[in-house]
>>> print(open('structure.cif').read())   # mmCIF, C-alpha atoms and all ligand atoms
data_upload
#
loop_
_atom_site.group_PDB
_atom_site.id
_atom_site.type_symbol
_atom_site.label_atom_id
_atom_site.label_comp_id
_atom_site.auth_asym_id
_atom_site.auth_seq_id
_atom_site.Cartn_x
_atom_site.Cartn_y
_atom_site.Cartn_z
ATOM 1 C CA MET R 1440 98.490 -10.606 10.052
ATOM 2 C CA THR R 1441 98.948 -11.978 13.567
ATOM 3 C CA GLY R 1442 96.770 -14.544 15.352
ATOM 4 C CA SER R 1443 94.102 -13.263 17.732
ATOM 5 C CA SER R 1444 95.960 -14.400 20.891
ATOM 6 C CA GLU R 1445 99.006 -12.267 20.023
ATOM 7 C CA TYR R 1446 97.122 -9.142 19.038
ATOM 8 C CA VAL R 1447 97.490 -6.120 21.255
ATOM 9 C CA PRO R 1448 95.236 -3.291 20.017
ATOM 10 C CA PRO R 1449 97.141 -0.057 19.348
ATOM 11 C CA LYS R 1450 96.030 3.186 21.014
ATOM 12 C CA VAL R 1451 94.249 4.309 17.853
ATOM 13 C CA TRP R 1452 92.794 1.950 15.255
ATOM 14 C CA THR R 1453 93.915 2.491 11.675
ATOM 15 C CA TRP R 1454 92.552 0.944 8.484
ATOM 16 C CA ASN R 1455 94.546 -2.090 7.320
ATOM 17 C CA LYS R 1456 93.344 -2.407 3.731
ATOM 18 C CA GLY R 1457 94.743 -5.880 3.088
ATOM 19 C CA ASN R 1458 93.464 -7.757 6.142
ATOM 20 C CA GLY R 1459 93.095 -10.951 4.088
ATOM 21 C CA GLY R 1460 89.370 -11.431 4.781
ATOM 22 C CA ARG R 1461 87.074 -12.541 1.965
ATOM 23 C CA PHE R 1462 85.462 -9.079 1.694
ATOM 24 C CA ALA R 1463 88.554 -6.971 2.422
ATOM 25 C CA ASN R 1464 88.342 -5.362 -1.021
ATOM 26 C CA ILE R 1465 84.877 -3.881 -0.382
ATOM 27 C CA ASN R 1466 84.965 -3.159 3.354
ATOM 28 C CA ARG R 1467 85.754 0.449 4.243
ATOM 29 C CA PRO R 1468 85.458 2.457 7.478
ATOM 30 C CA ILE R 1469 83.800 5.356 5.628
ATOM 31 C CA ALA R 1470 80.416 5.797 3.972
ATOM 32 C CA GLY R 1471 79.370 7.586 0.797
ATOM 33 C CA PRO R 1472 79.931 6.959 -2.919
ATOM 34 C CA THR R 1473 83.290 6.033 -4.428
ATOM 35 C CA HIS R 1474 82.271 6.814 -8.011
ATOM 36 C CA ASP R 1475 79.556 8.413 -10.147
ATOM 37 C CA LYS R 1476 77.106 5.923 -11.609
ATOM 38 C CA GLU R 1477 73.419 6.347 -12.345
ATOM 39 C CA LEU R 1478 71.108 3.404 -11.672
ATOM 40 C CA PRO R 1479 69.231 1.832 -14.570
ATOM 41 C CA VAL R 1480 65.440 2.258 -14.614
ATOM 42 C CA GLY R 1481 63.036 -0.213 -16.225
ATOM 43 C CA LYS R 1482 59.394 -0.111 -17.230
ATOM 44 C CA HIS R 1483 57.756 -1.345 -14.021
ATOM 45 C CA PRO R 1484 56.456 0.643 -11.019
ATOM 46 C CA LEU R 1485 58.971 -0.965 -8.658
ATOM 47 C CA GLN R 1486 62.701 -0.856 -9.250
ATOM 48 C CA LEU R 1487 64.700 -3.251 -7.091
ATOM 49 C CA TYR R 1488 68.496 -3.002 -6.859
ATOM 50 C CA SER R 1489 69.694 -6.194 -5.263
ATOM 51 C CA LEU R 1490 71.581 -9.475 -5.235
ATOM 52 C CA GLY R 1491 70.213 -12.959 -4.482
ATOM 53 C CA THR R 1492 71.720 -13.280 -1.007
ATOM 54 C CA PRO R 1493 69.409 -14.118 1.934
ATOM 55 C CA ASN R 1494 68.728 -10.394 2.466
ATOM 56 C CA GLY R 1495 67.915 -9.924 -1.201
ATOM 57 C CA GLN R 1496 65.747 -13.065 -1.429
ATOM 58 C CA LYS R 1497 63.380 -11.860 1.293
ATOM 59 C CA VAL R 1498 62.171 -9.063 -0.971
ATOM 60 C CA THR R 1499 61.950 -11.037 -4.213
ATOM 61 C CA ILE R 1500 59.979 -13.767 -2.416
ATOM 62 C CA LEU R 1501 57.469 -11.139 -1.235
ATOM 63 C CA LEU R 1502 57.229 -9.542 -4.691
ATOM 64 C CA GLU R 1503 56.602 -12.926 -6.312
ATOM 65 C CA GLU R 1504 53.988 -13.761 -3.651
ATOM 66 C CA LEU R 1505 52.235 -10.417 -4.270
ATOM 67 C CA LEU R 1506 52.186 -11.035 -8.017
ATOM 68 C CA ALA R 1507 50.861 -14.567 -7.425
ATOM 69 C CA LEU R 1508 48.011 -12.995 -5.433
ATOM 70 C CA GLY R 1509 47.178 -10.823 -8.452
ATOM 71 C CA HIS R 1510 48.689 -7.483 -7.347
ATOM 72 C CA SER R 1511 49.857 -6.208 -10.737
ATOM 73 C CA GLY R 1512 51.178 -3.042 -9.057
ATOM 74 C CA ALA R 1513 53.934 -5.235 -7.625
ATOM 75 C CA GLU R 1514 55.489 -5.766 -11.078
ATOM 76 C CA TYR R 1515 59.169 -5.076 -10.765
ATOM 77 C CA ASP R 1516 62.503 -4.780 -12.474
ATOM 78 C CA ALA R 1517 65.235 -6.489 -10.434
ATOM 79 C CA TRP R 1518 68.650 -5.092 -11.306
ATOM 80 C CA LEU R 1519 71.825 -6.869 -10.291
ATOM 81 C CA ILE R 1520 74.115 -5.082 -7.854
ATOM 82 C CA LYS R 1521 77.471 -6.867 -7.779
ATOM 83 C CA ILE R 1522 78.650 -6.071 -4.263
ATOM 84 C CA GLY R 1523 81.960 -7.892 -4.841
ATOM 85 C CA GLU R 1524 82.704 -5.321 -7.561
ATOM 86 C CA GLY R 1525 81.646 -2.301 -5.489
ATOM 87 C CA ASP R 1526 78.365 -1.451 -7.299
ATOM 88 C CA GLN R 1527 76.843 -0.514 -3.920
ATOM 89 C CA PHE R 1528 79.207 2.464 -3.752
ATOM 90 C CA GLY R 1529 78.005 4.054 -7.009
ATOM 91 C CA SER R 1530 76.384 7.499 -6.528
ATOM 92 C CA GLY R 1531 72.977 6.332 -7.802
ATOM 93 C CA PHE R 1532 72.849 3.382 -5.426
ATOM 94 C CA VAL R 1533 73.972 5.482 -2.461
ATOM 95 C CA GLY R 1534 71.121 7.862 -3.311
ATOM 96 C CA VAL R 1535 68.645 5.019 -2.794
ATOM 97 C CA ASN R 1536 70.504 3.468 0.149
ATOM 98 C CA PRO R 1537 72.993 5.693 2.023
ATOM 99 C CA ASN R 1538 74.073 2.521 3.868
ATOM 100 C CA SER R 1539 75.440 0.983 0.608
ATOM 101 C CA LYS R 1540 73.910 -2.457 1.064
ATOM 102 C CA ILE R 1541 71.455 -4.489 -0.946
ATOM 103 C CA PRO R 1542 68.471 -4.682 -1.142
ATOM 104 C CA ALA R 1543 67.240 -1.188 -2.078
ATOM 105 C CA LEU R 1544 63.880 -0.303 -3.611
ATOM 106 C CA LEU R 1545 62.583 2.662 -5.578
ATOM 107 C CA ASP R 1546 58.806 2.901 -5.896
ATOM 108 C CA ARG R 1547 58.094 5.051 -8.953
ATOM 109 C CA SER R 1548 54.322 4.570 -8.806
ATOM 110 C CA GLU R 1549 53.880 7.202 -6.070
ATOM 111 C CA PRO R 1550 53.484 10.926 -6.955
ATOM 112 C CA LYS R 1551 57.132 11.384 -5.920
ATOM 113 C CA PRO R 1552 59.395 8.294 -6.147
ATOM 114 C CA VAL R 1553 59.807 6.666 -2.733
ATOM 115 C CA ARG R 1554 63.133 5.097 -1.774
ATOM 116 C CA VAL R 1555 63.212 2.296 0.786
ATOM 117 C CA PHE R 1556 66.291 0.593 2.209
ATOM 118 C CA GLU R 1557 66.796 -2.125 4.865
ATOM 119 C CA SER R 1558 65.064 -5.375 3.945
ATOM 120 C CA GLY R 1559 62.706 -5.246 6.953
ATOM 121 C CA ALA R 1560 61.567 -1.749 5.964
ATOM 122 C CA ILE R 1561 61.059 -2.867 2.353
ATOM 123 C CA LEU R 1562 58.968 -5.880 3.436
ATOM 124 C CA THR R 1563 56.836 -3.684 5.699
ATOM 125 C CA TYR R 1564 56.431 -0.981 3.047
ATOM 126 C CA LEU R 1565 55.259 -3.455 0.397
ATOM 127 C CA ALA R 1566 53.013 -5.425 2.771
ATOM 128 C CA GLU R 1567 51.323 -2.176 3.838
ATOM 129 C CA LYS R 1568 51.082 -0.837 0.299
ATOM 130 C CA PHE R 1569 49.316 -3.961 -0.972
ATOM 131 C CA GLY R 1570 47.543 -4.922 2.259
ATOM 132 C CA ALA R 1571 48.932 -8.460 2.233
ATOM 133 C CA PHE R 1572 51.059 -10.815 4.364
ATOM 134 C CA LEU R 1573 50.816 -8.492 7.374
ATOM 135 C CA PRO R 1574 47.985 -9.086 9.865
ATOM 136 C CA THR R 1575 45.659 -6.155 10.592
ATOM 137 C CA ASP R 1576 44.589 -7.365 14.031
ATOM 138 C CA ARG R 1577 46.775 -5.476 16.536
ATOM 139 C CA ALA R 1578 48.009 -8.494 18.503
ATOM 140 C CA ALA R 1579 48.713 -10.584 15.394
ATOM 141 C CA ARG R 1580 50.503 -7.628 13.791
ATOM 142 C CA ALA R 1581 52.641 -7.166 16.920
ATOM 143 C CA GLU R 1582 53.608 -10.869 16.816
ATOM 144 C CA CYS R 1583 54.534 -10.531 13.134
ATOM 145 C CA PHE R 1584 56.689 -7.444 13.783
ATOM 146 C CA SER R 1585 58.290 -9.108 16.799
ATOM 147 C CA TRP R 1586 59.540 -11.989 14.651
ATOM 148 C CA LEU R 1587 60.467 -9.698 11.768
ATOM 149 C CA PHE R 1588 62.611 -7.552 14.062
ATOM 150 C CA TRP R 1589 63.973 -10.708 15.727
ATOM 151 C CA GLN R 1590 65.325 -11.708 12.336
ATOM 152 C CA MET R 1591 66.808 -8.283 11.644
ATOM 153 C CA GLY R 1592 68.571 -8.237 15.011
ATOM 154 C CA SER R 1593 69.599 -11.897 15.147
ATOM 155 C CA ALA R 1594 70.833 -12.786 11.661
ATOM 156 C CA PRO R 1595 73.946 -10.549 11.840
ATOM 157 C CA PHE R 1596 75.222 -12.823 14.626
ATOM 158 C CA MET R 1597 74.705 -15.792 12.317
ATOM 159 C CA GLY R 1598 76.030 -14.159 9.136
ATOM 160 C CA GLY R 1599 78.489 -11.504 10.270
ATOM 161 C CA GLY R 1600 79.484 -13.550 13.318
ATOM 162 C CA PHE R 1601 79.318 -17.306 12.726
ATOM 163 C CA GLY R 1602 79.409 -17.277 8.912
ATOM 164 C CA HIS R 1603 82.265 -14.799 8.799
ATOM 165 C CA PHE R 1604 84.529 -16.545 11.290
ATOM 166 C CA TYR R 1605 83.647 -20.123 10.220
ATOM 167 C CA ALA R 1606 83.772 -19.646 6.441
ATOM 168 C CA TYR R 1607 85.391 -16.351 5.424
ATOM 169 C CA ALA R 1608 87.999 -15.158 7.946
ATOM 170 C CA PRO R 1609 91.622 -15.754 6.867
ATOM 171 C CA VAL R 1610 92.368 -17.501 10.199
ATOM 172 C CA LYS R 1611 90.193 -19.927 12.180
ATOM 173 C CA ILE R 1612 89.784 -18.412 15.637
ATOM 174 C CA GLU R 1613 88.336 -20.988 18.047
ATOM 175 C CA TYR R 1614 87.035 -18.370 20.473
ATOM 176 C CA ALA R 1615 85.080 -16.529 17.757
ATOM 177 C CA ILE R 1616 83.717 -19.683 16.078
ATOM 178 C CA ASP R 1617 82.709 -21.104 19.450
ATOM 179 C CA ARG R 1618 80.937 -17.937 20.533
ATOM 180 C CA TYR R 1619 78.948 -17.537 17.328
ATOM 181 C CA ALA R 1620 78.222 -21.264 16.815
ATOM 182 C CA MET R 1621 76.646 -21.253 20.275
ATOM 183 C CA GLU R 1622 74.564 -18.176 19.484
ATOM 184 C CA THR R 1623 73.501 -19.525 16.066
ATOM 185 C CA LYS R 1624 72.362 -22.806 17.633
ATOM 186 C CA ARG R 1625 70.513 -20.903 20.346
ATOM 187 C CA GLN R 1626 68.688 -18.878 17.667
ATOM 188 C CA LEU R 1627 67.810 -22.020 15.699
ATOM 189 C CA ASP R 1628 66.393 -23.479 18.913
ATOM 190 C CA VAL R 1629 64.320 -20.324 19.536
ATOM 191 C CA LEU R 1630 62.817 -20.737 16.084
ATOM 192 C CA ASP R 1631 62.415 -24.506 16.398
ATOM 193 C CA ARG R 1632 60.444 -24.147 19.638
ATOM 194 C CA ARG R 1633 58.233 -21.487 18.095
ATOM 195 C CA LEU R 1634 57.543 -23.654 15.038
ATOM 196 C CA ALA R 1635 56.669 -26.600 17.284
ATOM 197 C CA GLU R 1636 53.657 -24.635 18.522
ATOM 198 C CA SER R 1637 52.766 -22.636 15.415
ATOM 199 C CA GLU R 1638 52.416 -23.510 11.733
ATOM 200 C CA PHE R 1639 54.051 -20.263 10.627
ATOM 201 C CA VAL R 1640 56.384 -18.018 12.567
ATOM 202 C CA ALA R 1641 53.848 -15.351 13.526
ATOM 203 C CA GLY R 1642 50.858 -17.676 13.928
ATOM 204 C CA PRO R 1643 48.455 -19.560 11.661
ATOM 205 C CA ASP R 1644 49.064 -17.229 8.688
ATOM 206 C CA TYR R 1645 52.020 -16.960 6.333
ATOM 207 C CA THR R 1646 53.491 -13.449 6.718
ATOM 208 C CA ILE R 1647 56.472 -11.252 5.903
ATOM 209 C CA ALA R 1648 58.096 -12.628 9.086
ATOM 210 C CA ASP R 1649 58.339 -16.074 7.417
ATOM 211 C CA MET R 1650 59.727 -14.471 4.257
ATOM 212 C CA ALA R 1651 62.409 -12.627 6.243
ATOM 213 C CA ILE R 1652 63.439 -15.590 8.377
ATOM 214 C CA PHE R 1653 63.319 -18.361 5.765
ATOM 215 C CA PRO R 1654 66.336 -17.387 3.600
ATOM 216 C CA TRP R 1655 68.594 -17.212 6.678
ATOM 217 C CA TYR R 1656 67.383 -19.888 9.080
ATOM 218 C CA GLY R 1657 65.604 -22.130 6.564
ATOM 219 C CA GLY R 1658 68.782 -21.859 4.476
ATOM 220 C CA MET R 1659 70.936 -22.834 7.443
ATOM 221 C CA ALA R 1660 68.682 -25.798 8.298
ATOM 222 C CA LYS R 1661 68.702 -26.969 4.662
ATOM 223 C CA GLY R 1662 72.512 -26.707 4.540
ATOM 224 C CA TRP R 1663 72.771 -23.844 2.018
ATOM 225 C CA GLN R 1664 74.661 -21.516 4.322
ATOM 226 C CA TYR R 1665 78.410 -21.621 4.960
ATOM 227 C CA ASN R 1666 78.615 -25.410 4.415
ATOM 228 C CA ALA R 1667 77.959 -25.727 8.145
ATOM 229 C CA ALA R 1668 75.016 -28.149 8.352
ATOM 230 C CA GLU R 1669 77.030 -30.974 9.899
ATOM 231 C CA PHE R 1670 79.090 -28.674 12.133
ATOM 232 C CA LEU R 1671 75.926 -27.188 13.646
ATOM 233 C CA SER R 1672 73.948 -30.502 13.667
ATOM 234 C CA VAL R 1673 71.056 -28.796 11.889
ATOM 235 C CA HIS R 1674 69.131 -32.099 11.635
ATOM 236 C CA GLU R 1675 68.169 -31.440 15.289
ATOM 237 C CA TYR R 1676 65.834 -28.595 14.276
ATOM 238 C CA LYS R 1677 62.971 -30.723 12.991
ATOM 239 C CA ASN R 1678 60.300 -28.027 13.150
ATOM 240 C CA VAL R 1679 62.492 -25.557 11.270
ATOM 241 C CA LEU R 1680 63.029 -28.230 8.603
ATOM 242 C CA ARG R 1681 59.268 -28.944 8.378
ATOM 243 C CA TRP R 1682 58.537 -25.235 7.922
ATOM 244 C CA ALA R 1683 61.397 -24.693 5.452
ATOM 245 C CA ASP R 1684 60.103 -27.560 3.283
ATOM 246 C CA GLN R 1685 56.598 -26.083 3.429
ATOM 247 C CA LEU R 1686 57.864 -22.704 2.198
ATOM 248 C CA MET R 1687 60.111 -24.220 -0.445
ATOM 249 C CA ALA R 1688 57.116 -25.958 -1.983
ATOM 250 C CA ARG R 1689 55.560 -22.559 -2.801
ATOM 251 C CA PRO R 1690 56.123 -21.569 -6.461
ATOM 252 C CA ALA R 1691 56.589 -17.890 -5.504
ATOM 253 C CA VAL R 1692 59.316 -18.839 -3.021
ATOM 254 C CA LYS R 1693 61.040 -20.906 -5.709
ATOM 255 C CA ARG R 1694 60.926 -17.938 -8.112
ATOM 256 C CA GLY R 1695 61.950 -15.410 -5.464
ATOM 257 C CA ARG R 1696 65.035 -17.485 -4.612
ATOM 258 C CA MET R 1697 66.185 -17.370 -8.242
ATOM 259 C CA VAL R 1698 66.109 -13.618 -8.786
ATOM 260 C CA ASN R 1699 69.487 -11.828 -8.825
ATOM 261 C CA ARG R 1700 71.244 -15.063 -7.834
ATOM 262 C CA MET R 1701 74.903 -15.392 -8.794
ATOM 263 C CA SER R 1702 75.524 -18.791 -7.206
ATOM 264 C CA GLY R 1703 74.115 -22.307 -7.442
ATOM 265 C CA GLU R 1704 73.127 -24.233 -10.561
ATOM 266 C CA PRO R 1705 72.802 -22.095 -13.732
ATOM 267 C CA HIS R 1706 69.064 -22.875 -14.005
ATOM 268 C CA GLU R 1707 68.578 -21.504 -10.446
ATOM 269 C CA GLN R 1708 70.083 -18.133 -11.370
ATOM 270 C CA LEU R 1709 67.952 -15.428 -12.926
ATOM 271 C CA ARG R 1710 70.529 -12.649 -12.892
ATOM 272 C CA GLU R 1711 67.978 -9.918 -13.658
ATOM 273 C CA ARG R 1712 64.196 -10.072 -13.710
ATOM 274 C CA HIS R 1713 62.215 -7.684 -15.889
ATOM 275 C CA ASP R 1714 59.236 -9.816 -16.847
ATOM 276 C CA ALA R 1715 57.278 -12.758 -15.425
ATOM 277 C CA GLY R 1716 58.251 -14.681 -18.579
ATOM 278 C CA ASP R 1717 61.950 -14.440 -17.651
ATOM 279 C CA PHE R 1718 61.497 -17.500 -15.412
ATOM 280 C CA ASP R 1719 60.386 -19.623 -18.373
ATOM 281 C CA THR R 1720 63.821 -19.409 -19.970
ATOM 282 C CA LYS R 1721 65.258 -20.884 -16.759
ATOM 283 C CA THR R 1722 62.756 -23.751 -16.827
ATOM 284 C CA GLN R 1723 63.881 -24.372 -20.406
ATOM 285 C CA ASP R 1724 67.560 -24.282 -19.306
ATOM 286 C CA LYS R 1725 66.750 -26.987 -16.731
ATOM 287 C CA LEU R 1726 65.026 -29.164 -19.312
ATOM 288 C CA ASP R 1727 67.945 -28.663 -21.728
ATOM 289 C CA ALA R 1728 70.441 -29.599 -18.989
ATOM 290 C CA LYS R 1729 68.520 -32.822 -18.318
ATOM 291 C CA GLY R 1730 68.644 -33.600 -22.040
HETATM 292 N N1 LIG R 1801 70.315 -4.927 7.531
HETATM 293 C C1 LIG R 1801 70.464 -4.929 6.099
HETATM 294 C C2 LIG R 1801 71.634 -5.820 5.728
HETATM 295 C C3 LIG R 1801 71.900 -5.806 4.250
HETATM 296 C C4 LIG R 1801 73.248 -6.438 3.926
HETATM 297 O O1 LIG R 1801 74.053 -6.776 4.814
HETATM 298 N N2 LIG R 1801 73.507 -6.597 2.627
HETATM 299 C C5 LIG R 1801 74.776 -7.155 2.195
HETATM 300 C C6 LIG R 1801 74.555 -8.358 1.283
HETATM 301 S S1 LIG R 1801 73.604 -9.600 2.084
HETATM 302 C C7 LIG R 1801 75.540 -6.111 1.378
HETATM 303 O O2 LIG R 1801 74.962 -5.418 0.563
HETATM 304 N N3 LIG R 1801 76.851 -6.003 1.589
HETATM 305 C C8 LIG R 1801 77.673 -5.113 0.844
HETATM 306 C C9 LIG R 1801 78.625 -4.364 1.704
HETATM 307 O O3 LIG R 1801 78.623 -4.555 2.928
HETATM 308 O O4 LIG R 1801 79.405 -3.557 1.153
HETATM 309 C C10 LIG R 1801 69.174 -5.402 5.434
HETATM 310 O O5 LIG R 1801 68.528 -6.287 6.008
HETATM 311 O O6 LIG R 1801 68.797 -4.866 4.377
#
>>> encode(input="structure.cif", output="structure tokens", more="lines below")
Ligand SMILES: N[C@@H](CCC(=O)N[C@@H](CS)C(=O)NCC(=O)O)C(=O)O
Amino acid sequence: MTGSSEYVPPKVWTWNKGNGGRFANINRPIAGPTHDKELPVGKHPLQLYSLGTPNGQKVTILLEELLALGHSGAEYDAWLIKIGEGDQFGSGFVGVNPNSKIPALLDRSEPKPVRVFESGAILTYLAEKFGAFLPTDRAARAECFSWLFWQMGSAPFMGGGFGHFYAYAPVKIEYAIDRYAMETKRQLDVLDRRLAESEFVAGPDYTIADMAIFPWYGGMAKGWQYNAAEFLSVHEYKNVLRWADQLMARPAVKRGRMVNRMSGEPHEQLRERHDAGDFDTKTQDKLDAKG
């Protein structure tokens, strides 16, 4: 592989399978399944096929918040999709999400099972289904959707742009890191200014916009993402930190962050969730680890 300054694009791009990037083994320029594999189905109305990345955590945080509010219809089975091993290209998964990315949801409580993909669509679907965490007043709802869509449009510059070139690319390209560090800091400042004037992102109430934004931008401010806290001087974003701490103190957020996680301390990882009691074993693991 040559450095970016020496690269002259050919007339027609061709797929270089071994480009050396961290995700080279799963990235492909074509869609569709690579193999036949049915998805497992559990006993609950909602079947979630996911992984505990920021995009996956948004949905498990909402599900845990709905259950905490007493919505028993939000009971769910959370199945692990190992994207590093290509599970997202199995025929069953592609049937639920033709875009082959986690998270994907199947609601089996409707007369005909409903599939939902794209985390923003899943959050909206569940908030509407249970009438929670989404304002009904038109102006407040518009503000909530504005921030929700802001997250959906902005985070790829942080993750696919900054995170990729700072942490995962096989070569450090100053131009790319510079461009995306600047954009990531600009986005953190957008959020910081908003949270200086408002307790939650969309206003005085906690909504799905907070749940979507927290795993990405709260995670960046708390130093969980890409080991880049010092590089991006995240201590500057005091309002983002205040809000992130406020969300982290919520038991449902703590639980939601554990589901389908494959990284972090063992007691923070609940690989699959099929029952509310599954979290208790993790609490026990933590106590055992402390001795
Ligand atoms: N816009 C999508 C993004 C989902 C996404 O990028 N998921 C990643 C993990 S965080 C994934 O499944 N990657 C697997 C792949 O690209 O093959 C959403 O918000 O649901």
>>> residues_near_ligand(input="structure.cif", ligand="ligand LIG 1801 (chain R)", cutoff="8 Å", atoms="all atoms listed in the file", output="list in words")
Ile1465, Asn1466, Ser1489, Leu1490, Thr1492, Pro1493, Asn1494, Gly1495, Ile1522, Gly1523, Gly1525, Gln1527, Phe1528, Ser1539, Lys1540, Ile1541, Pro1542, Ala1543, Phe1556, Glu1557, Ser1558, Gly1559, Met1591 and Pro1595 of chain R
>>> atom_distance(input="structure.cif", atom1="CA of Phe1569 in chain R", atom2="CA of Glu1636 in chain R")
28.7 Å
>>> resolve_selection(input="structure.cif", expression="the PyMOL selection byres (((chain R and resi 1514) around 12) and not hetatm)", output="MDAnalysis selection string")
chainID R and resid 1481:1487 1499 1501:1513 1515:1517 1546:1548 1565 1569 1712:1716
>>> closest_residue(input="structure.cif", among="R:Asp1649, R:Glu1524, R:Glu1622, R:Asp1617", to="Phe1584 in chain R", atoms="only C-alpha atoms")
R:Asp1649
>>> closest_residue(input="structure.cif", among="R:Ala1688, R:Thr1646, R:Val1610, R:Glu1477", to="Gly1570 in chain R", atoms="all atoms listed in the file")
R:Thr1646
>>> closest_residue(input="structure.cif", among="R:Leu1709, R:Ala1579, R:Ala1463, R:Met1621", to="Leu1671 in chain R", atoms="all atoms listed in the file")
R:Met1621
>>> resolve_selection(input="structure.cif", expression="the PyMOL selection byres (((chain R and resi 1478) around 7) and not hetatm)", output="VMD selection string")
chain R and resid 1476 to 1477 1479 to 1480 1531 to 1532
>>> atom_distance(input="structure.cif", atom1="CA of Phe1596 in chain R", atom2="CA of Arg1618 in chain R")
9.7 Å
>>> closest_atom_pairs(input="structure.cif", of="range 1682-1715 of chain R", to="range 1654-1665 of chain R", cutoff="9 Å", atoms="only C-alpha atoms", output="JSON lines")
{"residue": "R:Trp1682", "atom": "CA", "partner": "R:Gly1657", "partner_atom": "CA", "distance": 7.8}
{"residue": "R:Ala1683", "atom": "CA", "partner": "R:Gly1657", "partner_atom": "CA", "distance": 5.1}
{"residue": "R:Asp1684", "atom": "CA", "partner": "R:Gly1657", "partner_atom": "CA", "distance": 8.4}
{"residue": "R:Leu1686", "atom": "CA", "partner": "R:Gly1657", "partner_atom": "CA", "distance": 8.9}
{"residue": "R:Arg1696", "atom": "CA", "partner": "R:Pro1654", "partner_atom": "CA", "distance": 8.3}
>>> atom_distance(input="structure.cif", atom1="CA of Ile1616 in chain R", atom2="CA of Asn1699 in chain R")
29.7 Å
>>> closest_residue(input="structure.cif", among="R:Ser1530, R:Met1597, R:Asp1628, R:Lys1551", to="His1674 in chain R", atoms="all atoms listed in the file")
R:Asp1628
>>> closest_residue(input="structure.cif", among="R:Ile1647, R:Ile1469, R:Ala1641, R:Ala1594", to="Gln1626 in chain R", atoms="only C-alpha atoms")
R:Ala1594
>>> closest_residue(input="structure.cif", among="R:Gly1460, R:Val1533, R:Tyr1446, R:Trp1454", to="Pro1472 in chain R", atoms="only C-alpha atoms")
R:Val1533
>>> axis_aligned_box(input="structure.cif", around="range 1576-1582 of chain R", padding_each_side="3 Å", output="AutoDock Vina command-line options")
--center_x 49.1 --center_y -8.2 --center_z 16.1 --size_x 15.0 --size_y 11.4 --size_z 10.7
>>> resolve_selection(input="structure.cif", expression="the PyMOL selection byres (((chain R and resi 1608) around 12) and not hetatm)", output="number ranges by chain")
R: 1440, 1442-1443, 1458-1463, 1599-1607, 1609-1613, 1615-1616, 1665
>>> decode(input="structure.cif", residues="range 1498-1518 of chain R", atoms="C-alpha atoms", output="mmCIF file, in the first residue's frame")
data_model
loop_
_atom_site.group_PDB
_atom_site.id
_atom_site.type_symbol
_atom_site.label_atom_id
_atom_site.label_comp_id
_atom_site.auth_asym_id
_atom_site.auth_seq_id
_atom_site.Cartn_x
_atom_site.Cartn_y
_atom_site.Cartn_z
ATOM 1 C CA VAL R 1498 -31.427 0.904 21.319
ATOM 2 C CA THR R 1499 -30.666 -1.135 24.437
ATOM 3 C CA ILE R 1500 -30.670 2.059 26.526
ATOM 4 C CA LEU R 1501 -34.158 2.887 25.204
ATOM 5 C CA LEU R 1502 -35.428 -0.662 25.793
ATOM 6 C CA GLU R 1503 -34.129 -0.632 29.368
ATOM 7 C CA GLU R 1504 -35.685 2.812 29.947
ATOM 8 C CA LEU R 1505 -39.041 1.564 28.600
ATOM 9 C CA LEU R 1506 -38.926 -1.475 30.877
ATOM 10 C CA ALA R 1507 -38.007 0.763 33.830
ATOM 11 C CA LEU R 1508 -41.143 2.798 33.062
ATOM 12 C CA GLY R 1509 -43.203 -0.399 33.296
ATOM 13 C CA HIS R 1510 -43.774 -1.136 29.582
ATOM 14 C CA SER R 1511 -43.697 -4.939 29.712
ATOM 15 C CA GLY R 1512 -44.297 -5.049 25.941
ATOM 16 C CA ALA R 1513 -40.717 -3.824 25.573
ATOM 17 C CA GLU R 1514 -39.310 -7.128 26.886
ATOM 18 C CA TYR R 1515 -36.642 -8.240 24.485
ATOM 19 C CA ASP R 1516 -34.141 -10.869 23.508
ATOM 20 C CA ALA R 1517 -30.821 -9.284 22.502
ATOM 21 C CA TRP R 1518 -28.830 -11.614 20.271
#
